[in-house]
>>> print(open('protein.txt').read())   # compact mmCIF, N, CA and C atoms
# COMPACT_ATOMS: atom_id res chain seq x y z
N MET T 14 0.85 -1.20 0.00
CA MET T 14 0.00 0.00 0.00
C MET T 14 0.88 1.25 0.00
N CYS T 15 0.51 2.17 -0.83
CA CYS T 15 1.38 3.33 -1.00
C CYS T 15 0.73 4.63 -0.54
N GLU T 16 -0.29 4.53 0.26
CA GLU T 16 -0.87 5.75 0.79
C GLU T 16 0.16 6.47 1.67
N SER T 17 -0.08 7.75 1.86
CA SER T 17 0.81 8.56 2.69
C SER T 17 0.01 9.19 3.82
N ASN T 18 0.71 9.57 4.84
CA ASN T 18 0.09 10.32 5.92
C ASN T 18 0.26 11.81 5.66
N ALA T 19 -0.78 12.58 5.93
CA ALA T 19 -0.73 14.02 5.68
C ALA T 19 -0.57 14.76 7.00
N PHE T 20 0.37 15.68 7.01
CA PHE T 20 0.66 16.47 8.20
C PHE T 20 0.53 17.96 7.86
N LEU T 21 0.18 18.73 8.89
CA LEU T 21 0.13 20.19 8.76
C LEU T 21 1.12 20.77 9.75
N ARG T 22 2.07 21.53 9.21
CA ARG T 22 3.05 22.18 10.08
C ARG T 22 2.38 23.31 10.86
N ASP T 23 2.66 23.31 12.14
CA ASP T 23 2.16 24.37 13.01
C ASP T 23 3.35 24.82 13.83
N GLY T 24 4.08 25.81 13.31
CA GLY T 24 5.33 26.22 13.96
C GLY T 24 6.35 25.11 13.82
N ASP T 25 6.89 24.66 14.93
CA ASP T 25 7.89 23.58 14.89
C ASP T 25 7.22 22.20 14.88
N GLU T 26 5.94 22.20 15.10
CA GLU T 26 5.23 20.94 15.24
C GLU T 26 4.60 20.51 13.91
N GLU T 27 4.47 19.21 13.73
CA GLU T 27 3.76 18.68 12.56
C GLU T 27 2.61 17.83 13.06
N ARG T 28 1.42 18.29 12.78
CA ARG T 28 0.22 17.64 13.29
C ARG T 28 -0.35 16.71 12.22
N LEU T 29 -0.65 15.49 12.60
CA LEU T 29 -1.23 14.52 11.66
C LEU T 29 -2.65 14.95 11.30
N VAL T 30 -2.91 15.11 10.01
CA VAL T 30 -4.23 15.54 9.55
C VAL T 30 -5.06 14.32 9.12
N MET T 31 -4.43 13.43 8.35
CA MET T 31 -5.13 12.23 7.90
C MET T 31 -4.12 11.13 7.59
N GLU T 32 -4.44 9.93 7.99
CA GLU T 32 -3.61 8.78 7.65
C GLU T 32 -4.08 8.18 6.33
N ASP T 33 -3.18 7.47 5.67
CA ASP T 33 -3.53 6.68 4.50
C ASP T 33 -4.27 7.48 3.42
N VAL T 34 -3.71 8.64 3.12
CA VAL T 34 -4.27 9.49 2.06
C VAL T 34 -3.95 8.86 0.71
N SER T 35 -4.96 8.76 -0.13
CA SER T 35 -4.72 8.17 -1.45
C SER T 35 -4.84 9.19 -2.57
N PHE T 36 -5.51 10.32 -2.29
CA PHE T 36 -5.77 11.29 -3.35
C PHE T 36 -5.74 12.70 -2.77
N VAL T 37 -5.09 13.59 -3.51
CA VAL T 37 -4.99 15.00 -3.09
C VAL T 37 -5.31 15.88 -4.28
N GLU T 38 -6.15 16.88 -4.08
CA GLU T 38 -6.36 17.86 -5.15
C GLU T 38 -6.51 19.24 -4.54
N PRO T 39 -6.05 20.26 -5.27
CA PRO T 39 -6.15 21.62 -4.75
C PRO T 39 -7.60 22.11 -4.75
N VAL T 40 -7.95 22.82 -3.72
CA VAL T 40 -9.22 23.54 -3.65
C VAL T 40 -8.90 24.96 -3.22
N GLU T 41 -9.89 25.82 -3.23
CA GLU T 41 -9.68 27.21 -2.82
C GLU T 41 -9.07 27.27 -1.41
N GLY T 42 -7.88 27.82 -1.33
CA GLY T 42 -7.25 28.03 -0.02
C GLY T 42 -6.58 26.81 0.58
N GLY T 43 -6.56 25.71 -0.15
CA GLY T 43 -5.93 24.53 0.42
C GLY T 43 -6.03 23.32 -0.47
N TYR T 44 -6.15 22.17 0.17
CA TYR T 44 -6.17 20.90 -0.57
C TYR T 44 -7.22 19.97 0.02
N ARG T 45 -7.88 19.25 -0.84
CA ARG T 45 -8.79 18.19 -0.40
C ARG T 45 -8.02 16.87 -0.36
N LEU T 46 -8.12 16.19 0.75
CA LEU T 46 -7.47 14.89 0.92
C LEU T 46 -8.55 13.82 0.94
N ARG T 47 -8.27 12.71 0.28
CA ARG T 47 -9.22 11.60 0.31
C ARG T 47 -8.49 10.35 0.80
N GLY T 48 -9.13 9.64 1.68
CA GLY T 48 -8.54 8.42 2.23
C GLY T 48 -8.94 7.20 1.44
N LEU T 49 -8.45 6.10 1.88
CA LEU T 49 -8.60 4.83 1.17
C LEU T 49 -10.07 4.40 1.10
N PHE T 50 -10.85 4.84 2.05
CA PHE T 50 -12.24 4.40 2.10
C PHE T 50 -13.19 5.53 1.72
N GLY T 51 -12.66 6.53 1.05
CA GLY T 51 -13.49 7.61 0.55
C GLY T 51 -13.69 8.75 1.52
N GLU T 52 -13.17 8.61 2.72
CA GLU T 52 -13.30 9.71 3.67
C GLU T 52 -12.51 10.92 3.17
N GLU T 53 -13.03 12.11 3.46
CA GLU T 53 -12.40 13.32 2.93
C GLU T 53 -12.21 14.37 4.01
N THR T 54 -11.19 15.16 3.82
CA THR T 54 -11.04 16.35 4.65
C THR T 54 -10.34 17.41 3.81
N VAL T 55 -10.46 18.64 4.24
CA VAL T 55 -9.78 19.74 3.55
C VAL T 55 -8.76 20.34 4.50
N VAL T 56 -7.55 20.49 4.01
CA VAL T 56 -6.51 21.12 4.80
C VAL T 56 -6.26 22.51 4.22
N ARG T 57 -6.25 23.50 5.10
CA ARG T 57 -6.02 24.88 4.66
C ARG T 57 -4.53 25.17 4.69
N GLY T 58 -3.98 25.58 3.59
CA GLY T 58 -2.57 25.92 3.57
C GLY T 58 -1.94 25.57 2.24
N ARG T 59 -0.61 25.60 2.27
CA ARG T 59 0.17 25.33 1.06
C ARG T 59 0.87 23.97 1.21
N LEU T 60 1.20 23.39 0.07
CA LEU T 60 1.98 22.16 0.07
C LEU T 60 3.44 22.51 0.38
N GLU T 61 4.02 21.83 1.32
CA GLU T 61 5.43 22.09 1.64
C GLU T 61 6.34 21.01 1.05
N GLU T 62 5.96 19.77 1.17
CA GLU T 62 6.73 18.71 0.53
C GLU T 62 5.93 17.42 0.45
N ILE T 63 6.29 16.61 -0.52
CA ILE T 63 5.80 15.25 -0.63
C ILE T 63 7.03 14.36 -0.53
N ASN T 64 7.04 13.48 0.45
CA ASN T 64 8.17 12.56 0.60
C ASN T 64 7.62 11.14 0.56
N LEU T 65 7.71 10.53 -0.61
CA LEU T 65 7.08 9.22 -0.79
C LEU T 65 7.90 8.10 -0.16
N LEU T 66 9.18 8.37 0.10
CA LEU T 66 9.97 7.36 0.83
C LEU T 66 9.50 7.27 2.28
N LYS T 67 9.10 8.42 2.80
CA LYS T 67 8.59 8.46 4.19
C LYS T 67 7.07 8.36 4.25
N HIS T 68 6.43 8.20 3.11
CA HIS T 68 4.96 8.14 3.06
C HIS T 68 4.36 9.37 3.73
N LYS T 69 4.85 10.51 3.34
CA LYS T 69 4.49 11.74 4.06
C LYS T 69 4.19 12.88 3.10
N ILE T 70 3.08 13.54 3.35
CA ILE T 70 2.75 14.76 2.62
C ILE T 70 2.61 15.86 3.67
N LEU T 71 3.40 16.91 3.51
CA LEU T 71 3.43 17.96 4.53
C LEU T 71 2.87 19.25 3.96
N PHE T 72 1.91 19.81 4.68
CA PHE T 72 1.35 21.11 4.34
C PHE T 72 1.78 22.11 5.39
N THR T 73 1.69 23.38 5.03
CA THR T 73 1.95 24.41 6.02
C THR T 73 0.90 25.49 5.90
N GLY T 74 0.46 25.96 7.04
CA GLY T 74 -0.53 27.02 7.04
C GLY T 74 0.11 28.40 7.02
N GLU T 75 1.43 28.41 7.17
CA GLU T 75 2.15 29.70 7.30
C GLU T 75 2.34 30.37 5.95
N MET U 19 7.80 -0.53 -3.44
CA MET U 19 8.25 0.84 -3.71
C MET U 19 7.05 1.73 -3.98
N CYS U 20 7.09 2.88 -3.41
CA CYS U 20 5.91 3.75 -3.46
C CYS U 20 6.16 5.02 -4.24
N GLU U 21 7.20 5.05 -5.03
CA GLU U 21 7.41 6.22 -5.84
C GLU U 21 6.25 6.38 -6.83
N SER U 22 6.10 7.59 -7.33
CA SER U 22 5.05 7.88 -8.30
C SER U 22 5.66 8.43 -9.58
N ASN U 23 4.91 8.33 -10.65
CA ASN U 23 5.33 8.94 -11.89
C ASN U 23 4.70 10.33 -11.99
N ALA U 24 5.47 11.29 -12.47
CA ALA U 24 4.99 12.67 -12.58
C ALA U 24 4.66 12.98 -14.03
N PHE U 25 3.49 13.54 -14.22
CA PHE U 25 3.02 13.90 -15.56
C PHE U 25 2.70 15.39 -15.60
N LEU U 26 2.85 15.97 -16.78
CA LEU U 26 2.45 17.36 -16.99
C LEU U 26 1.36 17.38 -18.05
N ARG U 27 0.21 17.92 -17.67
CA ARG U 27 -0.88 18.02 -18.62
C ARG U 27 -0.57 19.08 -19.68
N ASP U 28 -0.79 18.70 -20.92
CA ASP U 28 -0.60 19.61 -22.03
C ASP U 28 -1.85 19.47 -22.89
N GLY U 29 -2.87 20.28 -22.58
CA GLY U 29 -4.15 20.13 -23.26
C GLY U 29 -4.80 18.84 -22.83
N ASP U 30 -5.14 18.00 -23.80
CA ASP U 30 -5.76 16.71 -23.46
C ASP U 30 -4.72 15.64 -23.15
N GLU U 31 -3.48 15.97 -23.40
CA GLU U 31 -2.41 14.97 -23.26
C GLU U 31 -1.73 15.08 -21.90
N GLU U 32 -1.24 13.97 -21.41
CA GLU U 32 -0.45 13.97 -20.18
C GLU U 32 0.93 13.41 -20.52
N ARG U 33 1.92 14.27 -20.39
CA ARG U 33 3.29 13.92 -20.77
C ARG U 33 4.06 13.47 -19.52
N LEU U 34 4.73 12.34 -19.62
CA LEU U 34 5.54 11.84 -18.50
C LEU U 34 6.75 12.75 -18.32
N VAL U 35 6.90 13.28 -17.11
CA VAL U 35 8.03 14.17 -16.81
C VAL U 35 9.15 13.40 -16.13
N MET U 36 8.79 12.57 -15.17
CA MET U 36 9.80 11.79 -14.46
C MET U 36 9.15 10.55 -13.85
N GLU U 37 9.84 9.43 -13.98
CA GLU U 37 9.38 8.20 -13.33
C GLU U 37 9.97 8.11 -11.92
N ASP U 38 9.28 7.34 -11.09
CA ASP U 38 9.81 7.01 -9.77
C ASP U 38 10.23 8.23 -8.95
N VAL U 39 9.34 9.20 -8.92
CA VAL U 39 9.58 10.40 -8.12
C VAL U 39 9.41 10.04 -6.64
N SER U 40 10.39 10.46 -5.85
CA SER U 40 10.28 10.15 -4.41
C SER U 40 10.04 11.39 -3.58
N PHE U 41 10.36 12.56 -4.14
CA PHE U 41 10.28 13.79 -3.34
C PHE U 41 9.85 14.96 -4.24
N VAL U 42 8.93 15.76 -3.73
CA VAL U 42 8.42 16.93 -4.46
C VAL U 42 8.42 18.12 -3.51
N GLU U 43 8.92 19.26 -3.99
CA GLU U 43 8.80 20.47 -3.18
C GLU U 43 8.56 21.65 -4.10
N PRO U 44 7.77 22.62 -3.61
CA PRO U 44 7.48 23.78 -4.45
C PRO U 44 8.70 24.67 -4.61
N VAL U 45 8.85 25.20 -5.81
CA VAL U 45 9.87 26.22 -6.09
C VAL U 45 9.15 27.33 -6.84
N GLU U 46 9.84 28.41 -7.07
CA GLU U 46 9.25 29.54 -7.78
C GLU U 46 8.69 29.09 -9.13
N GLY U 47 7.38 29.22 -9.31
CA GLY U 47 6.77 28.92 -10.59
C GLY U 47 6.50 27.45 -10.87
N GLY U 48 6.80 26.59 -9.91
CA GLY U 48 6.58 25.17 -10.17
C GLY U 48 7.00 24.30 -9.01
N TYR U 49 7.49 23.12 -9.37
CA TYR U 49 7.87 22.14 -8.35
C TYR U 49 9.17 21.45 -8.74
N ARG U 50 10.00 21.20 -7.74
CA ARG U 50 11.20 20.39 -7.95
C ARG U 50 10.86 18.94 -7.65
N LEU U 51 11.20 18.06 -8.57
CA LEU U 51 10.98 16.63 -8.41
C LEU U 51 12.32 15.95 -8.21
N ARG U 52 12.37 15.01 -7.28
CA ARG U 52 13.61 14.26 -7.09
C ARG U 52 13.30 12.78 -7.22
N GLY U 53 14.16 12.09 -7.94
CA GLY U 53 13.97 10.66 -8.16
C GLY U 53 14.69 9.84 -7.11
N LEU U 54 14.56 8.56 -7.26
CA LEU U 54 15.08 7.62 -6.27
C LEU U 54 16.59 7.68 -6.17
N PHE U 55 17.26 8.08 -7.23
CA PHE U 55 18.72 8.09 -7.23
C PHE U 55 19.27 9.50 -7.17
N GLY U 56 18.41 10.43 -6.73
CA GLY U 56 18.86 11.80 -6.52
C GLY U 56 18.75 12.69 -7.74
N GLU U 57 18.35 12.11 -8.87
CA GLU U 57 18.20 12.94 -10.06
C GLU U 57 17.06 13.94 -9.83
N GLU U 58 17.20 15.12 -10.41
CA GLU U 58 16.23 16.18 -10.16
C GLU U 58 15.76 16.82 -11.45
N THR U 59 14.54 17.31 -11.43
CA THR U 59 14.07 18.15 -12.51
C THR U 59 13.07 19.13 -11.92
N VAL U 60 12.82 20.20 -12.63
CA VAL U 60 11.82 21.17 -12.20
C VAL U 60 10.70 21.18 -13.23
N VAL U 61 9.48 21.07 -12.73
CA VAL U 61 8.32 21.15 -13.62
C VAL U 61 7.65 22.50 -13.37
N ARG U 62 7.38 23.20 -14.45
CA ARG U 62 6.73 24.52 -14.35
C ARG U 62 5.23 24.32 -14.40
N GLY U 63 4.54 24.80 -13.42
CA GLY U 63 3.09 24.70 -13.42
C GLY U 63 2.54 24.50 -12.02
N ARG U 64 1.28 24.11 -11.98
CA ARG U 64 0.57 23.91 -10.73
C ARG U 64 0.31 22.42 -10.53
N LEU U 65 0.15 22.07 -9.27
CA LEU U 65 -0.24 20.70 -8.95
C LEU U 65 -1.72 20.52 -9.28
N GLU U 66 -2.03 19.47 -10.02
CA GLU U 66 -3.45 19.22 -10.34
C GLU U 66 -4.01 18.09 -9.48
N GLU U 67 -3.27 17.04 -9.33
CA GLU U 67 -3.71 15.99 -8.41
C GLU U 67 -2.56 15.05 -8.06
N ILE U 68 -2.70 14.42 -6.90
CA ILE U 68 -1.82 13.33 -6.48
C ILE U 68 -2.72 12.12 -6.33
N ASN U 69 -2.45 11.07 -7.08
CA ASN U 69 -3.24 9.85 -6.96
C ASN U 69 -2.29 8.70 -6.60
N LEU U 70 -2.24 8.40 -5.32
CA LEU U 70 -1.25 7.42 -4.86
C LEU U 70 -1.68 5.99 -5.17
N LEU U 71 -2.95 5.79 -5.44
CA LEU U 71 -3.38 4.45 -5.88
C LEU U 71 -2.87 4.17 -7.28
N LYS U 72 -2.80 5.22 -8.07
CA LYS U 72 -2.28 5.09 -9.45
C LYS U 72 -0.79 5.43 -9.54
N HIS U 73 -0.18 5.75 -8.43
CA HIS U 73 1.24 6.14 -8.41
C HIS U 73 1.47 7.29 -9.37
N LYS U 74 0.65 8.29 -9.26
CA LYS U 74 0.65 9.36 -10.26
C LYS U 74 0.56 10.73 -9.61
N ILE U 75 1.42 11.63 -10.05
CA ILE U 75 1.34 13.03 -9.64
C ILE U 75 1.18 13.83 -10.93
N LEU U 76 0.11 14.59 -11.00
CA LEU U 76 -0.20 15.32 -12.24
C LEU U 76 -0.07 16.82 -12.00
N PHE U 77 0.69 17.46 -12.88
CA PHE U 77 0.83 18.90 -12.87
C PHE U 77 0.16 19.46 -14.12
N THR U 78 -0.14 20.73 -14.07
CA THR U 78 -0.67 21.36 -15.27
C THR U 78 0.00 22.72 -15.45
N GLY U 79 0.32 23.01 -16.68
CA GLY U 79 0.94 24.29 -16.96
C GLY U 79 -0.09 25.37 -17.26
N GLU U 80 -1.36 24.93 -17.35
CA GLU U 80 -2.42 25.88 -17.76
C GLU U 80 -2.85 26.79 -16.61
>>> encode(input="protein.txt", output="C-alpha cells")
Amino acid sequence: MCESNAFLRDGDEERLVMEDVSFVEPVEGGYRLRGLFGEETVVRGRLEEINLLKHKILFTGE
Amino acid sequence: MCESNAFLRDGDEERLVMEDVSFVEPVEGGYRLRGLFGEETVVRGRLEEINLLKHKILFTGE
C-alpha cells in the first residue's frame, strides 16, 4: 500500500491531519485529501513537501 | 516501492516528466521533483492531483 500520511506544520510541530491518504487535489485556499475508504477532509494551507519514501505529505498554514 | 510517476498536462495529453519520483517540493513557478537516485528536474506549473493508488502526480501548466 502506498498511501501517505498528511501532516500540517504548526510552527515547529507537525500535526497529523489524515492517515492513508490516497488522493490529493487543490481547492480554494488549500487541498482536499481523500482516504482509502473515501473519507475526505480539507486542509487549509500550502503544500510544503511530498516525501514518498517516508509516506508523508506535509502542508503548512504559514 | 511507493514512488510515483509525474506527468504534466498539455491540453488533453499527459506527458511523462519523471518516473519514480520520491520527493516533491514547491519552487518559484513550479515544483522540484527528485527521483530515487537523486536525479532532479523542475516542472513549471501547478499541482493538479496526487493519486497514490495510481502512483501518479499530475501537474498542469495551464
>>> interface_residues(input="protein.txt", of="chain T", to="chain U", cutoff="8 Å", atoms="only N, CA and C atoms", output="list in words")
Met14, Cys15, Glu16, Ser17, Val34, Ser35, Phe36, Val37, Glu38, Pro39, Leu60, Glu61, Glu62, Ile63, Asn64, Leu65, Leu66, Lys67 and His68 of chain T
>>> write_last_selection(input="protein.txt", atoms="N, CA and C atoms", output="mmCIF file, in the frame of the given file")
data_model
loop_
_atom_site.group_PDB
_atom_site.id
_atom_site.type_symbol
_atom_site.label_atom_id
_atom_site.label_comp_id
_atom_site.auth_asym_id
_atom_site.auth_seq_id
_atom_site.Cartn_x
_atom_site.Cartn_y
_atom_site.Cartn_z
ATOM 1 N N MET T 14 0.850 -1.200 0.000
ATOM 2 C CA MET T 14 0.000 0.000 0.000
ATOM 3 C C MET T 14 0.880 1.250 0.000
ATOM 4 N N CYS T 15 0.510 2.170 -0.830
ATOM 5 C CA CYS T 15 1.380 3.330 -1.000
ATOM 6 C C CYS T 15 0.730 4.630 -0.540
ATOM 7 N N GLU T 16 -0.290 4.530 0.260
ATOM 8 C CA GLU T 16 -0.870 5.750 0.790
ATOM 9 C C GLU T 16 0.160 6.470 1.670
ATOM 10 N N SER T 17 -0.080 7.750 1.860
ATOM 11 C CA SER T 17 0.810 8.560 2.690
ATOM 12 C C SER T 17 0.010 9.190 3.820
ATOM 13 N N VAL T 34 -3.710 8.640 3.120
ATOM 14 C CA VAL T 34 -4.270 9.490 2.060
ATOM 15 C C VAL T 34 -3.950 8.860 0.710
ATOM 16 N N SER T 35 -4.960 8.760 -0.130
ATOM 17 C CA SER T 35 -4.720 8.170 -1.450
ATOM 18 C C SER T 35 -4.840 9.190 -2.570
ATOM 19 N N PHE T 36 -5.510 10.320 -2.290
ATOM 20 C CA PHE T 36 -5.770 11.290 -3.350
ATOM 21 C C PHE T 36 -5.740 12.700 -2.770
ATOM 22 N N VAL T 37 -5.090 13.590 -3.510
ATOM 23 C CA VAL T 37 -4.990 15.000 -3.090
ATOM 24 C C VAL T 37 -5.310 15.880 -4.280
ATOM 25 N N GLU T 38 -6.150 16.880 -4.080
ATOM 26 C CA GLU T 38 -6.360 17.860 -5.150
ATOM 27 C C GLU T 38 -6.510 19.240 -4.540
ATOM 28 N N PRO T 39 -6.050 20.260 -5.270
ATOM 29 C CA PRO T 39 -6.150 21.620 -4.750
ATOM 30 C C PRO T 39 -7.600 22.110 -4.750
ATOM 31 N N LEU T 60 1.200 23.390 0.070
ATOM 32 C CA LEU T 60 1.980 22.160 0.070
ATOM 33 C C LEU T 60 3.440 22.510 0.380
ATOM 34 N N GLU T 61 4.020 21.830 1.320
ATOM 35 C CA GLU T 61 5.430 22.090 1.640
ATOM 36 C C GLU T 61 6.340 21.010 1.050
ATOM 37 N N GLU T 62 5.960 19.770 1.170
ATOM 38 C CA GLU T 62 6.730 18.710 0.530
ATOM 39 C C GLU T 62 5.930 17.420 0.450
ATOM 40 N N ILE T 63 6.290 16.610 -0.520
ATOM 41 C CA ILE T 63 5.800 15.250 -0.630
ATOM 42 C C ILE T 63 7.030 14.360 -0.530
ATOM 43 N N ASN T 64 7.040 13.480 0.450
ATOM 44 C CA ASN T 64 8.170 12.560 0.600
ATOM 45 C C ASN T 64 7.620 11.140 0.560
ATOM 46 N N LEU T 65 7.710 10.530 -0.610
ATOM 47 C CA LEU T 65 7.080 9.220 -0.790
ATOM 48 C C LEU T 65 7.900 8.100 -0.160
ATOM 49 N N LEU T 66 9.180 8.370 0.100
ATOM 50 C CA LEU T 66 9.970 7.360 0.830
ATOM 51 C C LEU T 66 9.500 7.270 2.280
ATOM 52 N N LYS T 67 9.100 8.420 2.800
ATOM 53 C CA LYS T 67 8.590 8.460 4.190
ATOM 54 C C LYS T 67 7.070 8.360 4.250
ATOM 55 N N HIS T 68 6.430 8.200 3.110
ATOM 56 C CA HIS T 68 4.960 8.140 3.060
ATOM 57 C C HIS T 68 4.360 9.370 3.730
#
>>> atom_distance(input="protein.txt", atom1="atom CA of U:Glu57", atom2="atom CA of T:Phe20")
25.6 Å
>>> select_by_dssp(input="protein.txt", residues="chain T", states="strand (DSSP E or B)", output="PyMOL selection string")
chain T and resi 17-23+26-40+43-48+53-57+59-64+69-73
>>> atom_distance(input="protein.txt", atom1="atom CA of T:Asn18", atom2="atom CA of T:Gly48")
9.6 Å
>>> atom_distance(input="protein.txt", atom1="atom C of U:Glu46", atom2="atom CA of U:Thr78")
13.6 Å
>>> axis_aligned_box(input="protein.txt", around="stretch 45-63 of chain U", padding_each_side="3 Å", output="AutoDock Vina command-line options")
--center_x 10.9 --center_y 18.6 --center_z -10.1 --size_x 22.7 --size_y 27.9 --size_z 14.6
>>> residues_around(input="protein.txt", residues="T:Gly74", least_positions_apart="6", cutoff="6.5 Å", atoms="all atoms listed in the file", output="list in words")
Leu21, Arg22, Asp23, Arg57, Gly58 and Arg59 of chain T
>>> closest_residue(input="protein.txt", among="U:Gly29, U:Gly48, U:Glu37, U:Phe77", to="U:Val61", atoms="all atoms listed in the file")
U:Gly48
>>> decode(input="protein.txt", residues="stretch 49-65 of chain T", atoms="N, CA, C and O atoms", output="PDB file, in the first residue's frame")
ATOM      1  N   LEU T  49      -8.446   6.096   1.881  1.00  0.00           N
ATOM      2  CA  LEU T  49      -8.605   4.831   1.174  1.00  0.00           C
ATOM      3  C   LEU T  49     -10.068   4.398   1.098  1.00  0.00           C
ATOM      4  O   LEU T  49     -10.477   3.691   0.171  1.00  0.00           O
ATOM      5  N   PHE T  50     -10.853   4.838   2.047  1.00  0.00           N
ATOM      6  CA  PHE T  50     -12.244   4.400   2.095  1.00  0.00           C
ATOM      7  C   PHE T  50     -13.195   5.531   1.723  1.00  0.00           C
ATOM      8  O   PHE T  50     -14.379   5.507   2.081  1.00  0.00           O
ATOM      9  N   GLY T  51     -12.655   6.534   1.048  1.00  0.00           N
ATOM     10  CA  GLY T  51     -13.493   7.609   0.545  1.00  0.00           C
ATOM     11  C   GLY T  51     -13.694   8.753   1.521  1.00  0.00           C
ATOM     12  O   GLY T  51     -14.325   9.750   1.187  1.00  0.00           O
ATOM     13  N   GLU T  52     -13.169   8.610   2.719  1.00  0.00           N
ATOM     14  CA  GLU T  52     -13.299   9.711   3.675  1.00  0.00           C
ATOM     15  C   GLU T  52     -12.508  10.922   3.174  1.00  0.00           C
ATOM     16  O   GLU T  52     -11.488  10.768   2.525  1.00  0.00           O
ATOM     17  N   GLU T  53     -13.026  12.110   3.456  1.00  0.00           N
ATOM     18  CA  GLU T  53     -12.401  13.320   2.926  1.00  0.00           C
ATOM     19  C   GLU T  53     -12.212  14.368   4.009  1.00  0.00           C
ATOM     20  O   GLU T  53     -12.992  14.436   4.957  1.00  0.00           O
ATOM     21  N   THR T  54     -11.192  15.161   3.820  1.00  0.00           N
ATOM     22  CA  THR T  54     -11.037  16.349   4.650  1.00  0.00           C
ATOM     23  C   THR T  54     -10.341  17.409   3.811  1.00  0.00           C
ATOM     24  O   THR T  54      -9.760  17.122   2.771  1.00  0.00           O
ATOM     25  N   VAL T  55     -10.458  18.645   4.243  1.00  0.00           N
ATOM     26  CA  VAL T  55      -9.777  19.739   3.551  1.00  0.00           C
ATOM     27  C   VAL T  55      -8.759  20.336   4.504  1.00  0.00           C
ATOM     28  O   VAL T  55      -9.066  20.602   5.669  1.00  0.00           O
ATOM     29  N   VAL T  56      -7.555  20.487   4.011  1.00  0.00           N
ATOM     30  CA  VAL T  56      -6.513  21.122   4.801  1.00  0.00           C
ATOM     31  C   VAL T  56      -6.259  22.507   4.217  1.00  0.00           C
ATOM     32  O   VAL T  56      -6.156  22.664   3.003  1.00  0.00           O
ATOM     33  N   ARG T  57      -6.247  23.498   5.097  1.00  0.00           N
ATOM     34  CA  ARG T  57      -6.024  24.881   4.656  1.00  0.00           C
ATOM     35  C   ARG T  57      -4.534  25.169   4.686  1.00  0.00           C
ATOM     36  O   ARG T  57      -3.901  24.995   5.728  1.00  0.00           O
ATOM     37  N   GLY T  58      -3.984  25.580   3.592  1.00  0.00           N
ATOM     38  CA  GLY T  58      -2.574  25.921   3.571  1.00  0.00           C
ATOM     39  C   GLY T  58      -1.935  25.573   2.244  1.00  0.00           C
ATOM     40  O   GLY T  58      -2.618  25.291   1.260  1.00  0.00           O
ATOM     41  N   ARG T  59      -0.614  25.598   2.267  1.00  0.00           N
ATOM     42  CA  ARG T  59       0.173  25.325   1.063  1.00  0.00           C
ATOM     43  C   ARG T  59       0.865  23.969   1.205  1.00  0.00           C
ATOM     44  O   ARG T  59       1.120  23.509   2.309  1.00  0.00           O
ATOM     45  N   LEU T  60       1.200  23.392   0.068  1.00  0.00           N
ATOM     46  CA  LEU T  60       1.984  22.160   0.072  1.00  0.00           C
ATOM     47  C   LEU T  60       3.439  22.505   0.378  1.00  0.00           C
ATOM     48  O   LEU T  60       4.001  23.405  -0.247  1.00  0.00           O
ATOM     49  N   GLU T  61       4.024  21.826   1.325  1.00  0.00           N
ATOM     50  CA  GLU T  61       5.432  22.092   1.644  1.00  0.00           C
ATOM     51  C   GLU T  61       6.336  21.013   1.051  1.00  0.00           C
ATOM     52  O   GLU T  61       7.377  21.312   0.488  1.00  0.00           O
ATOM     53  N   GLU T  62       5.959  19.770   1.172  1.00  0.00           N
ATOM     54  CA  GLU T  62       6.727  18.711   0.530  1.00  0.00           C
ATOM     55  C   GLU T  62       5.925  17.419   0.449  1.00  0.00           C
ATOM     56  O   GLU T  62       5.006  17.185   1.229  1.00  0.00           O
ATOM     57  N   ILE T  63       6.294  16.611  -0.521  1.00  0.00           N
ATOM     58  CA  ILE T  63       5.800  15.246  -0.627  1.00  0.00           C
ATOM     59  C   ILE T  63       7.031  14.357  -0.526  1.00  0.00           C
ATOM     60  O   ILE T  63       7.953  14.494  -1.335  1.00  0.00           O
ATOM     61  N   ASN T  64       7.044  13.478   0.453  1.00  0.00           N
ATOM     62  CA  ASN T  64       8.167  12.560   0.600  1.00  0.00           C
ATOM     63  C   ASN T  64       7.621  11.138   0.564  1.00  0.00           C
ATOM     64  O   ASN T  64       7.112  10.628   1.557  1.00  0.00           O
ATOM     65  N   LEU T  65       7.705  10.531  -0.612  1.00  0.00           N
ATOM     66  CA  LEU T  65       7.078   9.218  -0.786  1.00  0.00           C
ATOM     67  C   LEU T  65       7.898   8.097  -0.158  1.00  0.00           C
ATOM     68  O   LEU T  65       7.362   7.027   0.116  1.00  0.00           O
TER      69      LEU T  65
END
